[in-house]
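Peer 1: Structure provided below as structure tokens; questions to follow.
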Amino acid sequence: MGFLNSLRYCLRQTLLSIVRNFWLATASAAMITVSLLILGSFGLIALNAGQFLQQVESEIEINVFLQDVAPVNDLGREIRALTGVERVTYVSKEQALEEMRESLGERRDILTGLENDNPLPASYRVRTSNAEVVPAVARAIEKMHGVDKVRYGQGYVEKLILITRWVNVAALFAAGLLALAAIFLIMTTIRMSVMARRDEVEIMKYMGASNWFVRFPFLLEGMAVGYLGSKVAVLILGFGYYYLLLQVDQVSLFFVQLVTDQQTLGMLFGALFALGVLIGGLAGSISIRKFLRV
Amino acid sequence: MIQFYNVTKLYPNGAKAINDLSLRIKQGDFAFLVGPSGAGKSTIAKLIFREEKPTAGQIFFNGRNALRFRGREVVAMRRKIGMVFQDFRLLSQKTAYENVAFALEVTGVSRWEVRKRVPEVLRQVGLEDKMDRFPAQLSGGEQQRVCVARAIVKNPVLILADEPTGNLDPETSRELMELFLEINQSGTTIVIATHAWDIVNELKKRVIALESGRIVRDEEQGSYGYGVS
Ligand SMILES: Nc1ncnc2c1ncn2[C@@H]1O[C@H](COP(=O)(O)OP(=O)(O)O)[C@@H](O)[C@H]1O
Ligand SMILES: [Mg+2]
């Protein structure tokens with residue numbers, strides 16, 4: 001019974017405090033909104049950059065040119081057995097010539113007569129599960145018996161891997177920094193509300209209130225403020241992104257495909273929302289801590 | 001109920017408020033702490049209430065070492081003590097009623113119980129018609145009585161009153177003492193710090209006289225005066 005009575009009292013206090021400190025609460029909520037907007041925009045950019053990189057990655061292919069005397073089937077089996085290899089396609093000498101003919105278009109005539117003395121090598125086209133393993137796989141294939149040359153855009157792939165890593169690290173770093181900044185900002189605002197009620201907190205402690213009882217209204221207040229702030233942020237971000245998608249669709253010049261997967265976006269927005277509430281609650285309980293030691 | 005063993009209290013500024021003091025207050029006692037201003041009366045109350053910690057010595061509450069109490073035990077102890085602060089410590093944004101109710105609410109008492117108990121106690125201190133006033137709208141004496149009501153509303157096992165009659169006229173002071181005596185009848189231990197010598201002399205209760213942080217006299221059925229038998 002005591003617990004329910006306390007809970008009811010705490011809820012009433014929370015509501016009262018938000019109403020009494022309306023502008024302060026609004027300011028805190030606005031802080032959360034701004035922080036989450038920045039964080040969310042960053043998340044959307046990272047999401048799209050990730051998709052773009054994945055697209056580029058998926059187009060990376062290792063071309064393995066074979067010697068004319070190569071043991072074709074054995075090589076194919078060996079390549080398939082390497083870790084990270086996803087798809088292996090064989091291109092015979094005839095297919096290679098055919099492809100070249102197609103790519104030449106109108107000037108294909110210059111290739112006539114080569115059918116009988118085909119100078120193009122047979123090859124394997126190898127796709128890997130991700131770009132990171134390409135150099136290692138290429139090196140392994142190079143050593144195989146019957147392989148003439150291995151080409152995969154050396155240099156270009158290594159750069160891409162580096163960029164991917166940097167983007168990930170930078171995204172994490174920036175996100176962490178922003179979350180910290182948001183906590184700090186909200187803490188400052190909630191601390192003002194604590195300061196205004198400092199004597200109340202002290203007297204509560206002297207009356208024999210438990211720490212939980214004193215902390216709970218502030219925790220709830222922080223969470224409520226976080227909830228409001230993140231709701232606004234998620235709404236703005238959601239509509240903003242939707243608008244952007246429409247624009248891109250109309251222009252349709254964009255060579256990059258924007259992320260439209262509902263589940264991925266939903267997860268990002270959900271995470272933002274949860275983060276806002278969490279940050280609010282955290283700031284609320286941290287800012288009261290100092291005053292509990294009476 | 002309360003034991004002090006060689007307790008010394010030095011404030012951070014170097015003031016020695018209590019000096020190697022030992023003291024024993026039993027369950028059901030009614031004791032006065034008397035002495036000139038600055039003798040250390042408030043400090044003793046604060047040490048019992050755990051508002052301050054001693055520099056040296058031991059303090060026992062209900063047979064247990066109070067200095068070893070952790071958060072939860074401090075909370076439990078404070079719920080058992082009704083403290084009348086010398087500086088009132090009322091919440092300025094709450095009415096007299098709400099201030100008294102507050103003491104019950106923090107301990108998780110039901111609203112029904114609060115509604116029943118608070119007006120009852122406010123009537124006992126003679127403030128039944130000023131329940132809805134804020135502290136700023138009450139005189140010093142009235143605020144003091146709100147403070148007393150807040151201390152007794154939770155039926156504590158110990159009432160610690162620091163100058164509870166400091167702002168009261170003789171008539172009201174006497175009534176308040178009657179109330180304390182009545183509460184004491186039901187077994188509640190009462191410790192009152194005061195320099196209202198007339199009341200002390202009249203009641204013939206235990207008197208602990210302090211001077212410069214030391215006990216200079218401790219008499220059952222005592223009186224205020226020094227060295228006067
Ligand atoms: N918070 C404090 N900081 C420093 N010195 C204090 C503090 N409180 C009391 N004192 C000093 O301790 C001594 C005892 O004070 P106190 O216990 O309030 O006496 P009383 O209540 O008997 O008047 C006084 O000399 C006073 O100046
Ligand atoms: Mg005093």
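Residue numbers start at 1 in each chain; chains themselves are named A, B, ... in the order of the structure tokens; ligands are numbered from 1 in the order shown.
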Residues within 10 Å of ligand 1 should be enumerated using only C-alpha atoms and all ligand atoms and returned as an MDAnalysis selection string.
Peer 2: chainID B and resid 9:18 33:47 52 86 162:163 193:195 210:213
Peer 1: Could you tell me which residues of chain B sit within 12 Å of chain A when counting only C-alpha atoms, and give me the result as a PyMOL selection string?
Peer 2: chain B and resi 46+49-53+70-85+87-94+99-114+147+150-154+156
Peer 1: Just list as a ChimeraX atom specification whatever in segment 24-213 of chain B DSSP marks as helix (DSSP H, G or I).
Peer 2: /B:41-49,66-68,71-80,96-105,111-124,128-130,135-137,140-152,170-185,197-203
Peer 1: Would you mind reading off the distance between atom CA of Leu272 of chain A and atom CA of Gly40 of chain A, one decimal, in Å?
Peer 2: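 Result for atom CA of Leu272 of chain A versus atom CA of Gly40 of chain A: 6.9 Å, one decimal.
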Peer 1: Please identify all polymer residues within 9 Å of Val88 of chain A, counting only C-alpha atoms, omitting same-chain residues fewer than 4 positions from it, and present them as a ChimeraX atom specification.
Peer 2: /A:76,79-80,124-128
Peer 1: May I ask which of the residues A:Leu180, A:Ile62, A:Val72, A:Leu228 is the closest one to Gly146 of chain A, counting only C-alpha atoms?
Peer 2: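 With only C-alpha atoms as the atom set, the closest residue is A:Val72.
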Peer 1: Which value, in Å to one decimal, gives the distance between atom CA of Gly238 of chain A and atom CA of Phe269 of chain A?
Peer 2: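 It comes out at 8.0 Å.
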Peer 1: Can you pull out the residues contacting Ile18 of chain A? Cut-off 12 Å, using only C-alpha atoms, and skip same-chain residues under 3 positions away; I want them as a compact mmCIF listing (two decimals) with N, CA, C and O atoms, in the first residue's frame.
Peer 2:
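This went into out.txt:
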# COMPACT_ATOMS: atom_id res chain seq x y z
N LEU A 11 3.81 10.97 -8.86
CA LEU A 11 3.23 11.35 -10.15
C LEU A 11 2.65 12.75 -10.05
O LEU A 11 2.84 13.58 -10.95
N ARG A 12 1.96 13.01 -8.95
CA ARG A 12 1.35 14.33 -8.76
C ARG A 12 2.46 15.40 -8.74
O ARG A 12 2.35 16.45 -9.35
N GLN A 13 3.55 15.09 -8.00
CA GLN A 13 4.66 16.05 -7.90
C GLN A 13 5.28 16.34 -9.26
O GLN A 13 5.60 17.47 -9.59
N THR A 14 5.45 15.27 -10.07
CA THR A 14 6.04 15.43 -11.39
C THR A 14 5.23 16.38 -12.24
O THR A 14 5.75 17.32 -12.84
N LEU A 15 3.92 16.12 -12.25
CA LEU A 15 3.03 16.93 -13.06
C LEU A 15 3.08 18.38 -12.61
O LEU A 15 3.24 19.31 -13.41
N ASN A 21 7.21 24.77 -13.70
CA ASN A 21 8.43 25.17 -14.41
C ASN A 21 8.22 25.00 -15.91
O ASN A 21 9.06 24.43 -16.61
N PHE A 22 7.08 25.51 -16.39
CA PHE A 22 6.71 25.25 -17.77
C PHE A 22 7.80 25.66 -18.76
O PHE A 22 8.19 24.90 -19.64
N TRP A 23 8.32 26.88 -18.60
CA TRP A 23 9.29 27.38 -19.57
C TRP A 23 10.60 26.62 -19.51
O TRP A 23 11.23 26.35 -20.52
N LEU A 24 10.98 26.28 -18.28
CA LEU A 24 12.20 25.50 -18.10
C LEU A 24 12.07 24.14 -18.77
O LEU A 24 12.96 23.68 -19.49
N ALA A 25 10.92 23.52 -18.55
CA ALA A 25 10.66 22.21 -19.15
C ALA A 25 10.67 22.31 -20.67
O ALA A 25 11.24 21.47 -21.37
N THR A 26 10.05 23.40 -21.17
CA THR A 26 10.02 23.60 -22.62
C THR A 26 11.44 23.78 -23.16
O THR A 26 11.79 23.21 -24.20
N ALA A 27 12.25 24.55 -22.44
CA ALA A 27 13.63 24.77 -22.88
C ALA A 27 14.39 23.45 -22.92
O ALA A 27 15.09 23.16 -23.90
N SER A 28 14.22 22.64 -21.88
CA SER A 28 14.91 21.34 -21.85
C SER A 28 14.47 20.47 -23.01
O SER A 28 15.28 19.84 -23.69
N ALA A 29 13.16 20.45 -23.24
CA ALA A 29 12.63 19.64 -24.34
C ALA A 29 13.21 20.12 -25.67
O ALA A 29 13.59 19.32 -26.53
N ILE A 190 17.64 20.84 -15.91
CA ILE A 190 16.94 20.17 -14.80
C ILE A 190 17.55 20.59 -13.47
O ILE A 190 16.85 20.72 -12.47
N SER A 193 15.83 23.38 -12.05
CA SER A 193 14.57 23.01 -11.40
C SER A 193 14.86 22.37 -10.05
O SER A 193 14.09 22.54 -9.10
N VAL A 194 15.99 21.67 -9.95
CA VAL A 194 16.37 21.09 -8.65
C VAL A 194 16.75 22.21 -7.68
O VAL A 194 16.34 22.22 -6.52
N PRO A 217 10.43 11.71 -8.80
CA PRO A 217 9.79 12.79 -9.57
C PRO A 217 10.74 13.45 -10.57
O PRO A 217 10.33 13.79 -11.67
N PHE A 218 12.01 13.57 -10.17
CA PHE A 218 12.97 14.20 -11.08
C PHE A 218 13.27 13.28 -12.27
O PHE A 218 13.40 13.74 -13.41
N LEU A 220 11.18 11.05 -13.48
CA LEU A 220 9.99 11.10 -14.33
C LEU A 220 9.96 12.40 -15.13
O LEU A 220 9.65 12.41 -16.32
N GLU A 221 10.30 13.49 -14.44
CA GLU A 221 10.29 14.79 -15.10
C GLU A 221 11.25 14.78 -16.29
O GLU A 221 10.90 15.20 -17.39
N GLY A 222 12.45 14.27 -16.05
CA GLY A 222 13.44 14.18 -17.13
C GLY A 222 12.94 13.34 -18.27
O GLY A 222 13.06 13.70 -19.44
N MET A 223 12.31 12.20 -17.91
CA MET A 223 11.83 11.30 -18.96
C MET A 223 10.69 11.94 -19.76
O MET A 223 10.63 11.80 -20.97
N ALA A 224 9.81 12.64 -19.04
CA ALA A 224 8.69 13.29 -19.73
C ALA A 224 9.22 14.36 -20.68
O ALA A 224 8.78 14.46 -21.83
N VAL A 225 10.18 15.14 -20.19
CA VAL A 225 10.78 16.18 -21.03
C VAL A 225 11.48 15.53 -22.23
O VAL A 225 11.34 15.98 -23.37
N LEU A 228 8.85 14.37 -24.79
CA LEU A 228 8.32 15.47 -25.60
C LEU A 228 9.35 15.90 -26.64
O LEU A 228 9.04 16.04 -27.82
Peer 1: Tell me, as a PDB file with C-alpha atoms, in the first residue's frame, which residues lie within 9 Å of Val157 of chain B, counting only C-alpha atoms; anything in the same chain fewer than 2 positions away does not count.
Peer 2:
ATOM      1  CA  GLN B  27      12.785   5.368  26.433  1.00  0.00           C
ATOM      2  CA  GLY B  28       9.901   7.435  27.816  1.00  0.00           C
ATOM      3  CA  LYS B  80      10.929   7.563  14.062  1.00  0.00           C
ATOM      4  CA  ILE B  81      12.063  11.027  15.152  1.00  0.00           C
ATOM      5  CA  GLY B  82       9.818  14.089  15.177  1.00  0.00           C
ATOM      6  CA  ASN B 155       3.522   9.470  16.025  1.00  0.00           C
ATOM      7  CA  ILE B 159      10.426  14.149  19.715  1.00  0.00           C
ATOM      8  CA  GLY B 187       5.416   6.547  26.023  1.00  0.00           C
ATOM      9  CA  THR B 188       7.001   8.921  23.521  1.00  0.00           C
ATOM     10  CA  THR B 189      10.474  10.113  24.513  1.00  0.00           C
ATOM     11  CA  ILE B 190      10.763  13.888  24.521  1.00  0.00           C
TER      12      ILE B 190
END
Peer 1: Work out how far apart atom CA of Gly141 of chain B and atom CA of Val125 of chain B are and give it in Å to one decimal.
Peer 2: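 For atom CA of Gly141 of chain B relative to atom CA of Val125 of chain B, the distance reads 10.7 Å.
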Peer 1: Do a neighbour search on segment 36-38 of chain A at 8 Å with only C-alpha atoms, toss out local chain neighbours closer than 5 positions, and write the hits as a PyMOL selection string.
Peer 2: chain A and resi 178+230+233-234+236-237+272+276
Peer 1: Using the chain letters and numbers from this document, which residues of segment 126-247 of chain A does DSSP assign to strand (DSSP E), as a list in words?
Peer 2: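 Filtering segment 126-247 of chain A to strand (DSSP E) leaves Val126, Arg127, Thr128, Val147, Asp148, Lys149, Val150 and Arg151 of chain A.
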Peer 1: Considering only C-alpha atoms, return as a list in words whatever protein or nucleic-acid residues lie within 12 Å of Leu181 of chain B, sequence-local ones (same chain, fewer than 4 positions apart) excluded.
Peer 2: Gly28, Asp29, Phe30, Ala31, Ile159, Arg174, Glu175, Leu176, Met177, Gln185, Ser186, Gly187, Thr188, Thr189, Ile190, Val191, Ile192, Leu203, Lys204 and Lys205 of chain B
